[in-house]
>>> print(open('run-v1.cif').read())   # mmCIF, C-alpha atoms
data_upload
loop_
_atom_site.label_atom_id
_atom_site.label_comp_id
_atom_site.auth_asym_id
_atom_site.auth_seq_id
_atom_site.Cartn_x
_atom_site.Cartn_y
_atom_site.Cartn_z
CA ILE L 1006 188.16 78.25 62.73
CA TYR L 1007 185.73 75.59 63.93
CA ALA L 1008 184.22 77.31 66.93
CA LYS L 1009 182.58 74.94 69.38
CA GLY L 1010 179.14 75.78 70.72
CA VAL L 1011 178.82 76.52 74.42
CA ARG L 1012 175.89 77.31 76.70
CA GLY L 1013 176.10 79.42 79.81
CA TYR L 1014 175.37 82.76 81.44
CA PHE L 1015 177.02 84.96 78.82
CA ASP L 1016 175.77 82.86 75.93
CA ASN L 1017 172.21 83.43 77.19
CA TRP L 1018 172.86 87.19 77.12
CA ARG L 1019 174.20 86.93 73.56
CA ILE L 1020 171.14 84.99 72.44
CA GLY L 1021 168.77 87.45 74.13
CA LEU L 1022 170.42 90.51 72.55
CA LEU L 1023 170.60 88.78 69.18
CA PHE L 1024 166.85 88.16 69.17
CA PHE L 1025 166.18 91.69 70.44
CA THR L 1026 168.29 93.46 67.80
CA GLN L 1027 167.16 91.28 64.91
CA LEU L 1028 163.51 91.53 65.94
CA LEU L 1029 163.90 95.31 65.74
CA PHE L 1030 165.65 95.13 62.37
CA TYR L 1031 163.39 92.64 60.61
CA VAL L 1032 160.05 93.76 62.07
CA SER L 1033 160.40 97.58 62.12
CA PRO L 1034 159.78 98.10 58.35
CA TRP L 1035 156.43 96.31 58.68
CA LEU L 1036 155.09 98.53 61.47
CA VAL L 1037 152.30 100.92 60.46
CA TRP L 1038 151.70 104.37 61.94
CA ASN L 1039 148.82 106.59 60.79
CA ASP L 1040 148.25 104.48 57.67
CA ARG L 1041 151.87 104.64 56.53
CA GLN L 1042 155.12 102.85 57.29
CA ALA L 1043 156.25 103.78 60.79
CA ILE L 1044 159.98 103.94 60.00
CA LEU L 1045 160.77 104.98 56.45
CA LEU L 1046 163.77 106.90 55.13
CA HIS L 1047 162.08 107.75 51.85
CA LEU L 1048 164.85 108.88 49.51
CA VAL L 1049 162.56 109.55 46.54
CA GLU L 1050 160.30 111.90 48.53
CA ARG L 1051 163.30 113.18 50.51
CA LYS L 1052 161.50 112.63 53.79
CA PHE L 1053 162.38 110.56 56.84
CA TYR L 1054 159.37 109.21 58.73
CA ILE L 1055 160.01 108.11 62.32
CA PHE L 1056 156.57 107.23 63.70
CA GLY L 1057 154.79 110.60 64.12
CA ALA L 1058 157.80 112.76 63.22
CA VAL L 1059 158.77 113.82 59.69
CA PHE L 1060 162.34 114.94 58.97
CA TRP L 1061 163.25 116.84 55.82
CA PRO L 1062 166.63 117.21 54.06
CA GLN L 1063 167.39 120.36 56.04
CA ASP L 1064 167.01 118.31 59.22
CA VAL L 1065 169.78 115.88 58.26
CA ILE L 1066 172.03 117.64 60.78
CA TYR L 1067 170.07 115.84 63.49
CA LEU L 1068 170.91 112.47 61.95
CA ALA L 1069 174.58 113.44 61.93
CA ALA L 1070 174.31 114.53 65.57
CA LEU L 1071 172.63 111.24 66.50
CA LEU L 1072 175.47 109.28 64.87
CA ILE L 1073 178.05 111.37 66.76
CA VAL L 1074 176.26 110.76 70.07
CA SER L 1075 176.05 107.02 69.30
CA ALA L 1076 179.77 106.86 68.49
CA TYR L 1077 180.63 108.68 71.70
CA ALA L 1078 178.38 106.32 73.67
CA LEU L 1079 180.33 103.42 72.16
CA PHE L 1080 183.59 104.98 73.39
CA LEU L 1081 182.11 105.47 76.85
CA VAL L 1082 180.95 101.85 77.05
CA THR L 1083 184.38 100.69 75.86
CA ALA L 1084 186.12 102.67 78.60
CA VAL L 1085 183.84 101.06 81.19
CA ALA L 1086 183.46 97.47 79.98
CA GLY L 1087 185.69 96.88 76.97
CA ARG L 1088 184.35 95.56 73.68
CA LEU L 1089 180.86 94.64 74.83
CA PHE L 1090 179.39 96.04 71.62
CA CYS L 1091 181.61 93.73 69.55
CA GLY L 1092 180.65 90.64 71.50
CA TYR L 1093 176.91 91.22 71.80
CA ALA L 1094 175.50 93.72 69.31
CA CYS L 1095 177.91 94.21 66.38
CA PRO L 1096 176.20 93.17 63.11
CA GLN L 1097 179.26 91.13 62.14
CA THR L 1098 179.07 89.16 65.40
CA VAL L 1099 175.29 88.81 65.25
CA TYR L 1100 175.11 87.53 61.67
CA THR L 1101 178.11 85.27 62.17
CA GLN L 1102 176.24 83.74 65.10
CA LEU L 1103 173.10 83.27 62.96
CA PHE L 1104 175.11 81.65 60.17
CA MET L 1105 176.87 79.36 62.67
CA TRP L 1106 173.51 78.25 64.08
CA ILE L 1107 172.45 77.26 60.57
CA GLU L 1108 175.80 75.51 60.07
CA ASN L 1109 175.50 73.57 63.33
CA TRP L 1110 171.90 72.60 62.53
CA VAL L 1111 172.77 71.31 59.04
CA GLU L 1112 176.30 69.92 59.49
CA GLY L 1113 176.43 69.07 63.17
CA ASP L 1114 178.73 70.06 66.01
CA ARG L 1115 182.39 71.03 65.78
CA ASN L 1116 183.74 67.50 65.42
CA ALA L 1117 181.12 66.62 62.80
CA ARG L 1118 182.03 69.71 60.76
CA ILE L 1119 185.73 68.93 60.87
CA LYS L 1120 185.04 65.35 59.80
CA LEU L 1121 182.73 66.47 56.99
CA ASP L 1122 185.28 68.94 55.60
CA LYS L 1123 188.00 66.27 55.57
CA ALA L 1124 185.77 63.77 53.78
CA PRO L 1125 185.99 63.53 49.97
CA MET L 1126 183.25 65.20 47.96
CA GLY L 1127 180.28 62.91 47.45
CA ALA L 1128 176.52 63.03 47.14
CA ARG L 1129 176.00 63.29 50.91
CA LYS L 1130 178.58 66.06 51.40
CA LEU L 1131 177.25 67.95 48.36
CA ARG L 1132 173.69 67.72 49.70
CA ILE L 1133 174.66 68.94 53.19
CA LYS L 1134 176.88 71.75 51.95
CA GLY L 1135 174.31 72.78 49.33
CA THR L 1136 171.54 72.93 51.94
CA LYS L 1137 173.67 75.07 54.22
CA HIS L 1138 174.57 77.55 51.48
CA LEU L 1139 170.99 77.78 50.23
CA LEU L 1140 169.85 78.68 53.75
CA TRP L 1141 172.70 81.17 54.06
CA LEU L 1142 171.73 82.79 50.75
CA ALA L 1143 168.06 82.95 51.73
CA LEU L 1144 168.89 84.69 55.01
CA SER L 1145 171.32 87.06 53.25
CA LEU L 1146 168.81 88.08 50.58
CA TRP L 1147 166.08 88.54 53.17
CA THR L 1148 168.47 90.76 55.12
CA GLY L 1149 169.18 92.81 51.98
CA PHE L 1150 165.46 93.05 51.24
CA THR L 1151 164.76 94.24 54.79
CA LEU L 1152 167.44 96.92 54.57
CA VAL L 1153 166.01 98.28 51.30
CA GLY L 1154 162.59 98.21 52.97
CA TYR L 1155 163.73 101.07 55.18
CA PHE L 1156 164.32 103.28 52.10
CA THR L 1157 161.53 102.11 49.77
CA PRO L 1158 158.03 101.47 51.22
CA VAL L 1159 158.08 97.78 52.03
CA SER L 1160 154.55 97.15 50.66
CA GLU L 1161 155.63 98.69 47.36
CA LEU L 1162 158.84 96.66 47.46
CA VAL L 1163 156.95 93.38 47.97
CA ASN L 1164 154.60 94.18 45.09
CA ASN L 1165 157.55 95.01 42.81
CA VAL L 1166 159.28 91.73 43.68
CA LEU L 1167 156.12 89.68 43.06
CA THR L 1168 155.39 91.40 39.74
CA GLY L 1169 159.00 91.47 38.55
CA ASN L 1170 159.08 95.28 38.46
CA LEU L 1171 161.91 95.77 40.94
CA GLY L 1172 163.88 98.91 40.12
CA PRO L 1173 167.61 98.84 39.35
CA TRP L 1174 168.63 100.59 42.57
CA GLU L 1175 166.53 98.34 44.78
CA THR L 1176 167.89 95.27 42.96
CA LEU L 1177 171.47 96.50 43.33
CA TRP L 1178 171.22 97.13 47.06
CA ILE L 1179 169.33 93.93 47.88
CA PHE L 1180 171.99 91.82 46.18
CA LEU L 1181 174.91 94.00 47.29
CA TYR L 1182 174.01 94.04 50.98
CA GLY L 1183 172.85 90.42 50.85
CA GLY L 1184 176.07 89.42 49.09
CA PHE L 1185 178.27 91.11 51.68
CA THR L 1186 176.26 89.51 54.49
CA TYR L 1187 176.81 86.11 52.85
CA LEU L 1188 180.53 86.82 52.37
CA PHE L 1189 181.31 88.35 55.77
CA ALA L 1190 179.16 86.14 58.02
CA GLY L 1191 179.54 82.92 56.03
CA PHE L 1192 183.19 82.95 55.01
CA MET L 1193 185.30 85.77 56.47
CA ARG L 1194 183.86 85.78 59.99
CA GLU L 1195 186.72 86.43 62.42
CA GLN L 1196 188.87 87.85 59.60
CA VAL L 1197 186.64 90.93 59.54
CA CYS L 1198 187.25 91.49 63.27
CA LYS L 1199 190.98 90.84 63.01
CA TYR L 1200 191.95 92.69 59.85
CA MET L 1201 189.11 94.93 58.62
CA CYS L 1202 187.45 96.46 61.68
CA PRO L 1203 189.15 99.74 62.73
CA TYR L 1204 187.53 99.58 66.16
CA ALA L 1205 189.79 96.70 67.17
CA ARG L 1206 192.86 98.80 66.34
CA PHE L 1207 192.18 101.83 68.52
CA GLN L 1208 190.22 100.21 71.35
CA SER L 1209 193.35 99.98 73.52
CA VAL L 1210 193.49 103.79 73.65
CA MET L 1211 190.24 103.75 75.64
CA PHE L 1212 191.29 100.94 77.98
CA ASP L 1213 192.87 101.48 81.39
CA PRO L 1214 193.62 99.14 84.31
CA ASP L 1215 190.07 99.70 85.63
CA THR L 1216 188.31 98.69 82.39
CA LEU L 1217 186.33 95.45 82.56
CA ILE L 1218 187.94 92.89 80.26
CA ILE L 1219 188.02 89.11 79.94
CA THR L 1220 191.17 87.83 81.60
CA TYR L 1221 192.77 84.59 82.70
CA ASP L 1222 194.14 84.48 86.24
CA PRO L 1223 197.66 83.03 85.84
CA GLU L 1224 198.34 83.20 89.57
CA ARG L 1225 195.55 80.72 90.13
CA GLY L 1226 195.76 78.74 86.91
CA GLU L 1227 199.48 78.06 86.51
CA THR L 1228 201.08 75.60 86.27
CA ARG L 1229 198.68 74.02 83.77
CA GLY L 1230 198.25 70.31 83.46
CA ALA L 1231 195.79 67.48 83.07
CA ARG L 1232 194.73 65.55 86.12
CA LYS L 1233 191.94 63.31 87.33
CA LYS L 1234 189.04 64.69 89.28
CA GLY L 1235 189.76 64.65 93.00
CA VAL L 1236 193.53 64.96 92.65
CA ASP L 1237 195.08 67.54 94.98
CA ALA L 1238 196.37 70.07 92.44
CA LYS L 1239 198.64 71.87 94.92
CA ALA L 1240 200.24 68.63 96.02
CA ALA L 1241 200.88 67.79 92.38
CA GLY L 1242 202.40 71.23 91.79
CA LEU L 1243 199.58 72.28 89.44
CA GLY L 1244 197.27 75.25 89.19
CA ASP L 1245 193.53 75.10 88.55
CA CYS L 1246 193.90 75.15 84.74
CA VAL L 1247 193.56 71.56 83.49
CA ASP L 1248 194.72 72.60 80.01
CA CYS L 1249 191.58 71.19 78.40
CA GLY L 1250 191.67 73.75 75.58
CA GLN L 1251 187.94 74.43 75.76
CA CYS L 1252 188.51 78.20 76.00
CA VAL L 1253 190.33 78.09 72.66
CA GLN L 1254 187.82 75.79 70.94
CA VAL L 1255 184.81 78.03 71.74
CA CYS L 1256 186.53 81.32 70.84
CA PRO L 1257 185.01 82.78 67.63
CA THR L 1258 188.31 84.52 66.80
CA GLY L 1259 190.51 81.52 67.64
CA ILE L 1260 192.72 83.11 70.30
CA ASP L 1261 194.00 81.65 73.56
CA ILE L 1262 192.89 84.02 76.31
CA ARG L 1263 195.53 82.50 78.58
CA ASP L 1264 198.16 84.38 76.56
CA GLY L 1265 196.85 87.68 77.91
CA LEU L 1266 194.74 90.52 76.52
CA GLN L 1267 194.72 90.54 72.70
CA TYR L 1268 193.11 92.94 70.25
CA GLU L 1269 191.27 90.04 68.58
CA CYS L 1270 189.23 89.41 71.75
CA ILE L 1271 185.65 90.64 71.28
CA ASN L 1272 184.57 90.17 74.92
CA CYS L 1273 181.85 87.68 73.99
CA GLY L 1274 182.38 85.65 77.15
CA ALA L 1275 182.33 82.23 75.43
CA CYS L 1276 185.63 81.25 77.07
CA VAL L 1277 184.20 82.25 80.48
CA ASP L 1278 181.21 79.93 80.03
CA ALA L 1279 183.41 77.06 78.83
CA CYS L 1280 185.95 77.43 81.63
CA ASP L 1281 183.28 77.74 84.33
CA GLN L 1282 181.74 74.46 83.16
CA THR L 1283 185.13 72.75 83.38
CA MET L 1284 185.78 74.19 86.83
CA GLU L 1285 182.35 72.97 87.96
CA ARG L 1286 183.04 69.45 86.71
CA MET L 1287 186.42 69.40 88.46
CA GLY L 1288 184.97 70.79 91.70
CA TYR L 1289 187.02 73.99 91.52
CA PRO L 1290 185.72 77.52 92.08
CA LYS L 1291 184.50 79.30 88.96
CA GLY L 1292 186.16 82.44 87.67
CA LEU L 1293 189.53 81.20 86.44
CA ILE L 1294 188.61 83.14 83.29
CA SER L 1295 186.30 86.03 84.09
CA TYR L 1296 185.19 89.59 83.44
CA THR L 1297 187.43 91.61 85.70
CA THR L 1298 189.95 94.46 85.68
CA GLU L 1299 193.74 94.44 85.67
CA HIS L 1300 193.74 96.19 89.05
CA LYS L 1301 191.46 93.57 90.59
CA LEU L 1302 193.56 90.79 89.10
CA ALA L 1303 196.59 92.37 90.76
CA HIS L 1304 194.68 92.47 94.08
CA SER L 1305 194.23 96.25 93.90
CA GLU L 1306 191.02 98.23 94.22
CA THR L 1307 189.12 99.01 91.01
CA GLN L 1308 188.27 102.70 90.67
CA VAL L 1309 184.82 103.03 89.10
CA ALA L 1310 184.32 106.80 89.51
CA ARG L 1311 187.65 107.75 87.96
CA PRO L 1312 188.29 111.17 86.34
CA LYS L 1313 188.30 109.69 82.83
CA LEU L 1314 184.80 108.23 83.20
CA ILE L 1315 183.46 111.32 84.97
CA GLY L 1316 184.68 113.45 82.07
CA TYR L 1317 183.21 111.03 79.51
CA GLY L 1318 179.92 110.99 81.41
CA LEU L 1319 179.64 114.77 81.68
CA VAL L 1320 180.36 115.24 77.98
CA MET L 1321 177.82 112.52 77.17
CA VAL L 1322 175.12 114.22 79.29
CA VAL L 1323 175.79 117.58 77.61
CA MET L 1324 175.73 116.06 74.13
CA LEU L 1325 172.48 114.21 74.82
CA GLY L 1326 170.91 117.30 76.36
CA VAL L 1327 171.83 119.49 73.37
CA PHE L 1328 170.62 116.84 70.93
CA VAL L 1329 167.28 116.31 72.68
CA TYR L 1330 166.70 120.07 73.05
CA ASN L 1331 167.40 120.72 69.38
CA ALA L 1332 165.37 117.71 68.27
CA MET L 1333 162.42 118.90 70.35
CA SER L 1334 162.80 122.39 68.83
CA ILE L 1335 162.43 121.31 65.19
CA MET L 1336 159.95 123.65 63.54
CA PRO L 1337 156.92 122.00 61.88
CA MET L 1338 157.24 124.49 59.01
CA GLY L 1339 160.00 125.97 56.89
CA LEU L 1340 160.64 129.30 55.24
CA ASP L 1341 163.45 130.12 52.79
CA ILE L 1342 163.91 133.60 51.36
CA LEU L 1343 165.57 134.38 48.04
CA ARG L 1344 166.16 137.98 47.03
CA ASP L 1345 165.89 139.06 43.41
CA ARG L 1346 169.57 139.23 42.39
CA ASN L 1347 168.93 140.76 38.97
CA GLN L 1348 167.56 143.97 40.45
CA LEU L 1349 168.46 144.72 44.06
CA PHE L 1350 165.86 147.50 44.29
CA ARG L 1351 163.76 149.72 42.06
CA GLU L 1352 161.57 152.82 42.25
CA ASN L 1353 158.01 151.97 41.30
CA SER L 1354 155.39 154.21 39.63
CA GLU L 1355 154.31 155.59 43.01
CA GLY L 1356 157.84 156.72 43.88
CA LEU L 1357 158.30 153.96 46.48
CA ILE L 1358 161.47 151.89 46.86
CA GLU L 1359 160.57 148.30 46.10
CA ASN L 1360 162.40 145.01 46.78
CA THR L 1361 161.31 141.65 45.34
CA TYR L 1362 161.63 138.30 47.15
CA THR L 1363 160.79 134.70 46.45
CA LEU L 1364 159.49 132.86 49.53
CA LYS L 1365 159.57 129.08 49.72
CA ILE L 1366 157.15 127.86 52.35
CA LEU L 1367 157.24 124.27 53.57
CA ASN L 1368 154.56 122.42 55.52
CA LYS L 1369 156.41 119.69 57.44
CA THR L 1370 153.31 118.33 59.15
CA LEU L 1371 151.06 115.48 58.09
CA ASN L 1372 147.98 117.75 57.82
CA SER L 1373 146.95 120.77 55.74
CA GLN L 1374 147.92 124.07 57.34
CA THR L 1375 147.09 127.74 56.73
CA TYR L 1376 149.86 130.29 57.25
CA ARG L 1377 149.90 134.08 57.43
CA LEU L 1378 152.91 136.12 56.33
CA ASP L 1379 154.23 139.35 57.75
CA VAL L 1380 157.47 141.32 57.93
CA GLU L 1381 159.19 143.09 60.83
CA GLY L 1382 161.75 145.89 60.72
CA LEU L 1383 160.27 148.00 57.90
CA PRO L 1384 158.56 151.37 58.56
CA GLU L 1385 155.13 151.86 56.95
CA TYR L 1386 155.65 149.30 54.20
CA GLN L 1387 153.33 148.02 51.50
CA TRP L 1388 153.04 144.30 50.76
CA PHE L 1389 152.40 143.16 47.18
CA GLY L 1390 151.28 139.54 46.92
CA PRO L 1391 149.23 137.04 48.96
CA ARG L 1392 149.67 137.21 52.72
CA GLU L 1393 147.82 134.01 53.54
CA VAL L 1394 148.44 130.60 51.98
CA THR L 1395 147.10 127.09 52.62
CA LEU L 1396 149.46 124.15 52.07
CA LYS L 1397 148.74 120.45 51.94
CA ALA L 1398 150.70 118.01 54.08
CA GLY L 1399 154.33 118.03 52.99
CA GLU L 1400 153.75 120.67 50.30
CA ILE L 1401 156.42 123.19 49.25
CA TYR L 1402 154.93 126.45 47.97
CA THR L 1403 156.83 129.15 46.06
CA LEU L 1404 155.46 132.65 46.58
CA PRO L 1405 156.85 135.82 44.89
CA VAL L 1406 156.23 138.98 46.94
CA SER L 1407 157.38 142.60 46.88
CA LEU L 1408 157.84 145.12 49.66
CA ALA L 1409 157.70 148.89 49.04
CA VAL L 1410 158.61 151.77 51.38
CA ASP L 1411 158.52 155.54 51.03
CA PRO L 1412 162.17 156.66 50.58
CA PHE L 1413 161.54 159.45 53.10
CA ASN L 1414 161.22 156.76 55.81
CA LEU L 1415 164.44 154.99 54.85
CA LYS L 1416 167.29 156.41 56.92
CA ARG L 1417 169.91 153.81 55.94
CA PRO L 1418 170.82 152.22 52.58
CA THR L 1419 170.24 148.72 53.98
CA LEU L 1420 167.77 147.55 56.61
CA ASP L 1421 167.71 144.23 58.45
CA VAL L 1422 164.22 142.77 58.25
CA GLN L 1423 162.54 139.56 59.34
CA PHE L 1424 159.86 137.68 57.48
CA VAL L 1425 157.35 136.13 59.86
CA LEU L 1426 155.43 132.95 59.08
CA LYS L 1427 152.61 132.24 61.53
CA ARG L 1428 150.46 129.13 61.57
CA GLU L 1429 146.73 129.80 61.76
CA GLY L 1430 145.31 128.93 65.15
CA ALA L 1431 148.70 128.97 66.91
CA ALA L 1432 148.61 130.25 70.45
CA PRO L 1433 150.66 133.38 71.26
CA ASP L 1434 152.97 131.35 73.53
CA ASP L 1435 153.42 128.50 71.00
CA SER L 1436 157.11 128.61 70.13
CA LYS L 1437 156.52 126.32 67.15
CA GLY L 1438 153.63 128.35 65.77
CA THR L 1439 155.72 131.27 64.51
CA LEU L 1440 158.86 131.17 62.37
CA ARG L 1441 161.11 134.14 61.64
CA GLN L 1442 163.75 134.32 58.92
CA PRO L 1443 166.13 137.27 58.43
CA SER L 1444 166.67 139.13 55.16
CA LYS L 1445 167.69 142.56 53.83
CA PHE L 1446 165.82 145.53 52.38
CA ILE L 1447 168.05 147.62 50.11
CA SER L 1448 167.12 151.24 49.26
CA ARG L 1449 170.32 152.48 47.63
CA LEU L 1450 173.88 151.37 46.94
#
>>> encode(input="run-v1.cif", output="structure tokens")
Amino acid sequence: IYAKGVRGYFDNWRIGLLFFTQLLFYVSPWLVWNDRQAILLHLVERKFYIFGAVFWPQDVIYLAALLIVSAYALFLVTAVAGRLFCGYACPQTVYTQLFMWIENWVEGDRNARIKLDKAPMGARKLRIKGTKHLLWLALSLWTGFTLVGYFTPVSELVNNVLTGNLGPWETLWIFLYGGFTYLFAGFMREQVCKYMCPYARFQSVMFDPDTLIITYDPERGETRGARKKGVDAKAAGLGDCVDCGQCVQVCPTGIDIRDGLQYECINCGACVDACDQTMERMGYPKGLISYTTEHKLAHSETQVARPKLIGYGLVMVVMLGVFVYNAMSIMPMGLDILRDRNQLFRENSEGLIENTYTLKILNKTLNSQTYRLDVEGLPEYQWFGPREVTLKAGEIYTLPVSLAVDPFNLKRPTLDVQFVLKREGAAPDDSKGTLRQPSKFISRL
């Protein structure tokens, strides 16, 4: 498909969102926060740094929740305004647009590209095509490098590239992601949207007659036909469509929107811009092709606050509320308790019933912290082992401890207990200053 370039209202929106999303993607790994990379999903250290927050492997549930919320938001937007994500923010659309800009800059406009491809291979064609592919490859590899920069510190990555010490995994992912960018955006383009993207297949389930989609108004446009400017179309038995074919030439997926709604349509609005320009030149009202709803096209009233959207919205608010609440409640410390499985309990030399535990204490903060340990639920117990520990930033400390109780005070064979980890200096009302983890104390079988 040789898609023709078009400028207009919706094209300006596409350009603006393209620059916004790619500025975020390419610049974010280079941002610095507290002398470290601001956004770093450090797989080697098993830590995710998001500005001032540090997420550990046990917090991966929040990443899963964020992805679920994002997917649901995509469904909500689709129900309201169709495939806006596909037309304006999808990586396939964005990188295809970038590659097409390079192609237009090197090879020329649509007609020049068609003429060049039909010409026999020669020095000029080889030079033009070679320049285009070199620029494509450079952008693809830089994209792969940027992606890896989110998982390996980008300063370390640059140094490894310059010194030739790039690791095998970094090399693999730079070339793999860069290669797929080159393949999908440079060659497959609309084929990805038509045949590989699952979103295009089930989008119709979320559509209804009140969903905003790009449509052609056949009542106004038919019968199609060419005519000179100033000709009375009604007197000639013609509609407003002059059958110029511009809507087809600018479509990145090569469809004719005049044939009705099709799953290949990505709602990019290119056909709207092209048709509006033609209508303006002919002196006709704009909007022959427009963002509208099936109800409005049929001269019915569009229902915005319909039950489907209200339900979607309520679920979205609940999901966001739960996610934000849980994310705000992440504890800045961790405590895991492992009981001694070889010996559930024993009677020590003093005649006390003793249980042994291994505590794993984690400091999730970026500063050294001192913690004090305690236990709740045991009557008149004795603690064997340190009760106060100081951990460096991000340190995991393993601490073996034993608890002993006089058997006279043990009324049941098993007691539910709670180990308490309290950060030094934490206020009594600080919900994140104290962490409790349940365990068992066994006195007899």
>>> atom_distance(input="run-v1.cif", atom1="atom CA of Glu1393 of chain L", atom2="atom CA of Asp1379 of chain L")
9.3 Å
>>> resolve_selection(input="run-v1.cif", expression="the PyMOL selection byres ((chain L and resi 1380) around 8)", output="count of residues only")
9
>>> residues_near_point(input="run-v1.cif", point="(169.0, 92.5, 52.9)", cutoff="12 Å", atoms="all atoms listed in the file", output="PyMOL selection string")
chain L and resi 1030-1031+1100+1141-1156+1175-1187
>>> resolve_selection(input="run-v1.cif", expression="the PyMOL selection byres ((chain L and resi 1395) around 9)", output="list in words")
Ser1373, Gln1374, Thr1375, Tyr1376, Arg1377, Glu1393, Val1394, Leu1396 and Lys1397 of chain L
>>> resolve_selection(input="run-v1.cif", expression="the PyMOL selection byres ((chain L and resi 1332-1339) around 9)", output="list in words")
Val1059, Phe1060, Asp1064, Tyr1067, Val1327, Phe1328, Val1329, Tyr1330, Asn1331, Leu1340, Asp1341, Lys1365, Ile1366, Leu1367, Asn1368, Lys1369, Thr1370, Ile1401, Leu1426, Arg1428, Ser1436, Lys1437, Gly1438, Thr1439 and Leu1440 of chain L
>>> residues_around(input="run-v1.cif", residues="Glu1269 of chain L", least_positions_apart="6", cutoff="8 Å", atoms="all atoms listed in the file", output="list in words")
Cys1198, Lys1199, Ala1205, Thr1258 and Ile1260 of chain L
>>> closest_residue(input="run-v1.cif", among="L:Asn1272, L:Gln1208, L:Thr1216, L:Arg1232", to="Gln1308 of chain L", atoms="only C-alpha atoms")
L:Thr1216
>>> residues_around(input="run-v1.cif", residues="Val1406 of chain L", least_positions_apart="6", cutoff="12 Å", atoms="only C-alpha atoms", output="list in words")
Ile1342, Leu1343, Arg1344, Asp1345, Glu1359, Asn1360, Thr1361, Tyr1362, Thr1363, Leu1364, Lys1365, Leu1378, Asp1379, Val1380, Gln1387, Trp1388, Phe1389, Gly1390, Pro1391, Arg1392, Glu1393 and Phe1424 of chain L
>>> atom_distance(input="run-v1.cif", atom1="atom CA of Leu1071 of chain L", atom2="atom CA of Val1309 of chain L")
27.0 Å
>>> residues_near_point(input="run-v1.cif", point="(184.4, 77.6, 71.0)", cutoff="12 Å", atoms="all atoms listed in the file", output="PyMOL selection string")
chain L and resi 1006-1012+1016+1102+1105+1114-1116+1250-1262+1273-1280
>>> axis_aligned_box(input="run-v1.cif", around="segment 1214-1220 of chain L", padding_each_side="4 Å", output="AutoDock Vina command-line options")
--center_x 190.0 --center_y 93.8 --center_z 82.8 --size_x 15.3 --size_y 19.9 --size_z 13.7
